[in-house]
Structure formats: C-alpha cells, structure tokens
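Here is the structure we will look at.
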Amino acid sequence: MENEYRRKMKEKLGLRRDIFKEFLAEFLGIFFLILFGCGSVAQMVLSRAGLGDILSVHIGFTLGVMMAVYIAGGVSGAHVNPAVSLAMLILGKLPLKKFPIYVAAQFLGAFVGSCAVYGLYYDALMDFTKGEFIVTGENATATIFASYPSKHLSVLNGLGDQVIATAALVICILAITDRKNIGAPKGMEPLSIGLIIAGIGVSMSLNCGYPINPARDLGPRFFTALAGWGMEVFRAGGCWWWIPVVGPMVGGAVGAGVYLIFIELHHPEPEKQEQNNVQDKYEIVTMT
C-alpha cells in the first residue's frame, strides 16, 4: 500500500526533465551550505564567541559543503558554486545551456538559505543589535551573511586572494573527481571536497574569510540589503562586494586551465594506461 502511494506521488509530482531536477538539487545543496556555514558564523557572532569560534566556523562550512555534495551530487554534480560551474563549462563537462540555470539556482538557494539563518536567529539578532543593523565595526552583524575585507587588505590583494583560493578549490575538486587520476573512493567525494574547504579555511581566511563562491557571497549580501542593513553592504570596504564575485569566477577559469594543462591532457589513453599498469603503480604507492 505504501509503495503504491509512493508510485502515485511520483507520477503526479516527479519531474521528467533533468534540468528541473538539477535546478532543485543545486538550490537545495547551497541552501544547506548557507544554513550550516552562515549559521555557524551567526552562532559565533551573536554569542560573542561564547558558543563558537573561528574553528567552529571552519567546521560549519566544511560540513555544509560536504552535505551539499551528498544532497546534490548524484543529480546535478553538486557544483553549488558558479565558479565551479564555469570551470566545468570550460572543460566541456557542463553544457552551455545549463550554465545559467545552475547559476540561478545557486544564487536563489543562497538567498533563501540566508532567510532561514535570519529566521533561525531572529530573536538573538534583535537582542544583540537592539534593532540597529550595523555593517562594519565591533558590533557588525552583516558579516554573518557575507564577506568583508580586513583593514590591511587592498583591492589588488583581495582580488588575488579570491583568484588563488578559488583556483585551488577547483583544482582539488577536479583531482578528487578525476577517474583517470587516483581520485577519491566512490561515496567519499563529499567528505574529500569538504576537507578542501577546511584546508582553505585554515590557510587562506585571514584577508577576507574565504567566500570563494559568488552565489554564497552575493546572494546573502542581497538579502542583507533588503532585510535592514541597507545599501551600505555594497559600499563597505571601498565597494568590496564585486571582488568575491569576479575573483572566484576568474579563479574558477584559472583552476580549470591549470588542471587541464598540467594533469588532464597527459592522461594516457585507456589501452596505454592498461599497458603501463598505472593501477598497479597506485596500489604500490598506497601500500608503502
């Protein structure tokens, strides 16, 4: 009886076209990335580091990305990042017609994820701010949702920061998912990709956090502009907002190019790979 009910539900509500399924998967994946990631920042900020610190934020984003890949990986590939989608487009792993659909889902999911974090911590936010939403300074709360530069950071350094960090992210993702390389064991890709985020967080977050994702930064920034922080979220930091949008897209393209030129172009053909006994070499390496 239950199986029959599920079958009828699937007939009525199940989507037929892949692009709709992929849109929903990307939306839900980045929703959870924001919920866990920005939620961990909110807990740290609103408790004045009493119930969280920078390490808990790294863990929050690591788990957010990991669960996003588990949620969406089998449906859309779990890009949950326009820079990753651009890299896949450049490498011919994502059709051009799907690129704007993926990006729209990612921005919308990040925006709605911000709404969820805001609603979850609404009372705490009101208690902390007394109703005055500040973008920068000691009692700033806009930093819960989007990135802002440290005082020492110049525009050029900030742009370079985002290009390098996002290129590193893309190169590592391509390595993990490359079946002609060692790759990650099947089912372990989400954990491996989450650990990339942890690595970037503990090594490249001093300058401006590590947005490395235009949707993760711009979607929540739009939300804060509408929710009470105002247009200062775009003016702060010398109009910083465009750097975590442009920098990651450039970094995504750079990462795709670097992996292609340094690694992917040099993979042996299947018959040559078999002749060279590449798999045996990997087994020897892992056994030593």
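How things are named: the first chain in the structure tokens is A, the next is B, and so on; residues count from 1 in each chain; ligands count from 1 in the order shown.
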Please provide as a ChimeraX atom specification all residues within 8 Å of segment 212-226 of chain A, with the sequence filter that same-chain residues fewer than 3 positions apart are discarded (counting only C-alpha atoms). /A:30,34,81-83,103,106-108,110-111,113-115,142,145-147,162,165-166,229-234,241,244-249
Out of segment 184-237 of chain A, which residues get alpha helix (DSSP H) from DSSP, as a PyMOL selection string? chain A and resi 189-203+214-224+232-237
Non-local contacts of Gly64 of chain A (9 Å; only C-alpha atoms; under 5 positions in same chain excluded) as number ranges by chain: A: 29-37, 59, 69, 194
Can you spit out the residues from that selection as a PDB file, in the first residue's frame, using N, CA, C and O atoms?
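In the end it all went to selection-v2.pdb:
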```pdb
ATOM      1  N   GLY A  29      21.199  22.117  -2.339  1.00  0.00           N
ATOM      2  CA  GLY A  29      22.576  21.930  -1.894  1.00  0.00           C
ATOM      3  C   GLY A  29      23.163  23.190  -1.298  1.00  0.00           C
ATOM      4  O   GLY A  29      23.701  23.188  -0.187  1.00  0.00           O
ATOM      5  N   ILE A  30      23.039  24.312  -2.020  1.00  0.00           N
ATOM      6  CA  ILE A  30      23.631  25.544  -1.497  1.00  0.00           C
ATOM      7  C   ILE A  30      22.802  26.106  -0.340  1.00  0.00           C
ATOM      8  O   ILE A  30      23.341  26.805   0.532  1.00  0.00           O
ATOM      9  N   PHE A  31      21.515  25.773  -0.290  1.00  0.00           N
ATOM     10  CA  PHE A  31      20.709  26.148   0.869  1.00  0.00           C
ATOM     11  C   PHE A  31      21.329  25.594   2.146  1.00  0.00           C
ATOM     12  O   PHE A  31      21.484  26.304   3.146  1.00  0.00           O
ATOM     13  N   PHE A  32      21.708  24.322   2.120  1.00  0.00           N
ATOM     14  CA  PHE A  32      22.303  23.715   3.305  1.00  0.00           C
ATOM     15  C   PHE A  32      23.721  24.221   3.548  1.00  0.00           C
ATOM     16  O   PHE A  32      24.152  24.317   4.702  1.00  0.00           O
ATOM     17  N   LEU A  33      24.432  24.561   2.491  1.00  0.00           N
ATOM     18  CA  LEU A  33      25.756  25.164   2.673  1.00  0.00           C
ATOM     19  C   LEU A  33      25.630  26.456   3.480  1.00  0.00           C
ATOM     20  O   LEU A  33      26.387  26.689   4.438  1.00  0.00           O
ATOM     21  N   ILE A  34      24.670  27.299   3.106  1.00  0.00           N
ATOM     22  CA  ILE A  34      24.457  28.562   3.815  1.00  0.00           C
ATOM     23  C   ILE A  34      23.916  28.326   5.220  1.00  0.00           C
ATOM     24  O   ILE A  34      24.334  28.975   6.186  1.00  0.00           O
ATOM     25  N   LEU A  35      22.987  27.395   5.344  1.00  0.00           N
ATOM     26  CA  LEU A  35      22.386  27.126   6.653  1.00  0.00           C
ATOM     27  C   LEU A  35      23.448  26.704   7.670  1.00  0.00           C
ATOM     28  O   LEU A  35      23.484  27.215   8.794  1.00  0.00           O
ATOM     29  N   PHE A  36      24.315  25.789   7.292  1.00  0.00           N
ATOM     30  CA  PHE A  36      25.365  25.326   8.204  1.00  0.00           C
ATOM     31  C   PHE A  36      26.504  26.346   8.315  1.00  0.00           C
ATOM     32  O   PHE A  36      27.001  26.601   9.418  1.00  0.00           O
ATOM     33  N   GLY A  37      26.920  26.922   7.181  1.00  0.00           N
ATOM     34  CA  GLY A  37      28.058  27.831   7.185  1.00  0.00           C
ATOM     35  C   GLY A  37      27.744  29.162   7.851  1.00  0.00           C
ATOM     36  O   GLY A  37      28.368  29.541   8.845  1.00  0.00           O
ATOM     37  N   ILE A  59      34.442  24.399  10.639  1.00  0.00           N
ATOM     38  CA  ILE A  59      33.724  23.114  10.686  1.00  0.00           C
ATOM     39  C   ILE A  59      32.335  23.267  10.059  1.00  0.00           C
ATOM     40  O   ILE A  59      31.880  22.396   9.307  1.00  0.00           O
ATOM     41  N   VAL A  69      27.160  18.352  -1.206  1.00  0.00           N
ATOM     42  CA  VAL A  69      27.580  17.400  -2.235  1.00  0.00           C
ATOM     43  C   VAL A  69      26.832  16.080  -2.090  1.00  0.00           C
ATOM     44  O   VAL A  69      26.444  15.464  -3.086  1.00  0.00           O
ATOM     45  N   GLY A 194      34.687  18.458   1.202  1.00  0.00           N
ATOM     46  CA  GLY A 194      34.538  19.214   2.436  1.00  0.00           C
ATOM     47  C   GLY A 194      35.874  19.527   3.078  1.00  0.00           C
ATOM     48  O   GLY A 194      36.090  20.636   3.588  1.00  0.00           O
TER      49      GLY A 194
END
```
Residues near Asn139 of chain A, anyone? I mean within 9 Å using only C-alpha atoms, not counting same-chain ones fewer than 4 positions away, as a VMD selection string. chain A and resid 45 128 to 129 133 to 135
Which residues come within 9 Å of segment 203-206 of chain A, counting only C-alpha atoms, excluding same-chain residues fewer than 4 positions away, as an NGL selection string? :A and (150 or 161 or 165 or 198-199 or 210-211)
Which residues, written as a PDB file with N, CA and C atoms, in the first residue's frame, have at least one atom at most 12 Å from Val202 of chain A, with only C-alpha atoms counted and residues fewer than 4 positions away on the same chain left out?
```
ATOM      1  N   ILE A  54      36.386  30.707  15.482  1.00  0.00           N
ATOM      2  CA  ILE A  54      36.713  30.582  14.058  1.00  0.00           C
ATOM      3  C   ILE A  54      36.835  29.130  13.642  1.00  0.00           C
ATOM      4  N   LEU A  55      37.255  28.255  14.566  1.00  0.00           N
ATOM      5  CA  LEU A  55      37.346  26.836  14.229  1.00  0.00           C
ATOM      6  C   LEU A  55      35.961  26.244  13.983  1.00  0.00           C
ATOM      7  N   SER A  56      34.986  26.639  14.805  1.00  0.00           N
ATOM      8  CA  SER A  56      33.627  26.126  14.598  1.00  0.00           C
ATOM      9  C   SER A  56      33.046  26.629  13.284  1.00  0.00           C
ATOM     10  N   VAL A  57      33.454  27.827  12.860  1.00  0.00           N
ATOM     11  CA  VAL A  57      33.018  28.334  11.559  1.00  0.00           C
ATOM     12  C   VAL A  57      33.605  27.482  10.437  1.00  0.00           C
ATOM     13  N   HIS A  58      34.895  27.149  10.542  1.00  0.00           N
ATOM     14  CA  HIS A  58      35.509  26.272   9.540  1.00  0.00           C
ATOM     15  C   HIS A  58      34.776  24.935   9.479  1.00  0.00           C
ATOM     16  N   ILE A  59      34.442  24.399  10.639  1.00  0.00           N
ATOM     17  CA  ILE A  59      33.724  23.114  10.686  1.00  0.00           C
ATOM     18  C   ILE A  59      32.335  23.267  10.059  1.00  0.00           C
ATOM     19  N   PHE A  61      31.280  25.378   7.696  1.00  0.00           N
ATOM     20  CA  PHE A  61      31.348  25.450   6.237  1.00  0.00           C
ATOM     21  C   PHE A  61      31.816  24.122   5.639  1.00  0.00           C
ATOM     22  N   THR A  62      32.726  23.442   6.332  1.00  0.00           N
ATOM     23  CA  THR A  62      33.169  22.127   5.853  1.00  0.00           C
ATOM     24  C   THR A  62      31.999  21.161   5.777  1.00  0.00           C
ATOM     25  N   ALA A 165      42.566  31.292  -4.085  1.00  0.00           N
ATOM     26  CA  ALA A 165      41.821  30.345  -3.259  1.00  0.00           C
ATOM     27  C   ALA A 165      40.811  29.556  -4.083  1.00  0.00           C
ATOM     28  N   LEU A 195      36.789  18.564   3.024  1.00  0.00           N
ATOM     29  CA  LEU A 195      38.110  18.783   3.611  1.00  0.00           C
ATOM     30  C   LEU A 195      38.916  19.824   2.850  1.00  0.00           C
ATOM     31  N   ILE A 196      38.637  19.988   1.553  1.00  0.00           N
ATOM     32  CA  ILE A 196      39.270  21.082   0.807  1.00  0.00           C
ATOM     33  C   ILE A 196      38.875  22.416   1.436  1.00  0.00           C
ATOM     34  N   ILE A 197      37.581  22.557   1.745  1.00  0.00           N
ATOM     35  CA  ILE A 197      37.100  23.788   2.357  1.00  0.00           C
ATOM     36  C   ILE A 197      37.778  24.021   3.701  1.00  0.00           C
ATOM     37  N   ALA A 198      37.933  22.950   4.481  1.00  0.00           N
ATOM     38  CA  ALA A 198      38.633  23.079   5.763  1.00  0.00           C
ATOM     39  C   ALA A 198      40.070  23.546   5.538  1.00  0.00           C
ATOM     40  N   LEU A 206      42.520  34.751   6.463  1.00  0.00           N
ATOM     41  CA  LEU A 206      42.892  35.955   7.196  1.00  0.00           C
ATOM     42  C   LEU A 206      42.412  37.224   6.505  1.00  0.00           C
ATOM     43  N   ASN A 207      42.541  37.285   5.197  1.00  0.00           N
ATOM     44  CA  ASN A 207      42.274  38.529   4.477  1.00  0.00           C
ATOM     45  C   ASN A 207      40.804  38.920   4.462  1.00  0.00           C
ATOM     46  N   GLY A 209      38.012  36.209   5.096  1.00  0.00           N
ATOM     47  CA  GLY A 209      37.271  34.965   5.164  1.00  0.00           C
ATOM     48  C   GLY A 209      37.649  34.157   3.935  1.00  0.00           C
ATOM     49  N   TYR A 210      36.752  33.361   3.436  1.00  0.00           N
ATOM     50  CA  TYR A 210      37.043  32.634   2.196  1.00  0.00           C
ATOM     51  C   TYR A 210      35.740  32.409   1.432  1.00  0.00           C
TER      52      TYR A 210
END
```
Nearest residue to Ser47 of chain A from the set A:Ile173, A:Leu125, A:Glu132, A:Arg7 (distances using only C-alpha atoms):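 Comparing A:Ile173, A:Leu125, A:Glu132, A:Arg7 against Ser47 of chain A, the winner is A:Leu125.
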Could you tell me how far atom CA of Val65 of chain A sits from atom CA of His267 of chain A, in Å to one decimal place?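 Result for atom CA of His267 of chain A versus atom CA of Val65 of chain A: 28.6 Å, one decimal.
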Using only C-alpha atoms, which residues sit within 9 Å of segment 175-183 of chain A once same-chain residues fewer than 3 positions away are excluded, as a list in words?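 Residues near the query, excluding close chain neighbours: Val170, Ile171, Cys172, Lys186, Glu189, Ser192, Ile193, Tyr259, Ile263, Glu264, His267, Pro268, Pro270, Gln279 and Tyr282 of chain A.
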With N, CA and C atoms kept, could you save the residues just selected as a short mmCIF file (atom, residue, chain, number, x, y, z; two decimals), in the first residue's frame?
```
data_model
loop_
_atom_site.label_atom_id
_atom_site.label_comp_id
_atom_site.auth_asym_id
_atom_site.auth_seq_id
_atom_site.Cartn_x
_atom_site.Cartn_y
_atom_site.Cartn_z
N VAL A 170 39.05 24.59 -7.18
CA VAL A 170 38.67 23.92 -8.43
C VAL A 170 39.67 22.83 -8.79
N ILE A 171 40.94 23.11 -8.66
CA ILE A 171 41.96 22.10 -8.98
C ILE A 171 41.79 20.87 -8.10
N CYS A 172 41.56 21.07 -6.83
CA CYS A 172 41.40 19.95 -5.91
C CYS A 172 40.12 19.17 -6.20
N LYS A 186 34.60 5.85 -4.22
CA LYS A 186 33.20 6.16 -4.51
C LYS A 186 32.42 6.36 -3.21
N GLU A 189 33.68 11.21 -2.06
CA GLU A 189 33.95 12.50 -2.68
C GLU A 189 33.43 13.68 -1.85
N SER A 192 35.82 14.37 0.96
CA SER A 192 37.09 14.91 0.44
C SER A 192 36.94 16.36 0.04
N ILE A 193 35.83 16.70 -0.61
CA ILE A 193 35.60 18.08 -1.02
C ILE A 193 35.38 18.97 0.19
N TYR A 259 44.51 22.67 -14.26
CA TYR A 259 44.36 21.21 -14.16
C TYR A 259 44.38 20.56 -15.53
N ILE A 263 47.61 18.30 -15.84
CA ILE A 263 47.24 16.93 -15.50
C ILE A 263 46.40 16.25 -16.58
N GLU A 264 45.24 16.80 -16.88
CA GLU A 264 44.24 16.06 -17.67
C GLU A 264 44.69 15.77 -19.09
N HIS A 267 46.82 12.43 -19.47
CA HIS A 267 46.36 11.09 -19.11
C HIS A 267 46.58 10.16 -20.31
N PRO A 268 47.08 8.96 -20.07
CA PRO A 268 47.21 8.00 -21.18
C PRO A 268 45.84 7.54 -21.65
N PRO A 270 43.08 4.73 -22.63
CA PRO A 270 42.76 3.53 -21.85
C PRO A 270 43.66 2.34 -22.14
N GLN A 279 47.40 1.33 -12.62
CA GLN A 279 46.69 0.97 -11.40
C GLN A 279 47.61 0.26 -10.43
N TYR A 282 49.66 2.73 -8.50
CA TYR A 282 48.94 3.36 -7.42
C TYR A 282 48.81 2.43 -6.24
#
```
Report the distance between atom CA of Gly50 of chain A and atom CA of Met67 of chain A in Å, rounded to one decimal place. 25.8 Å
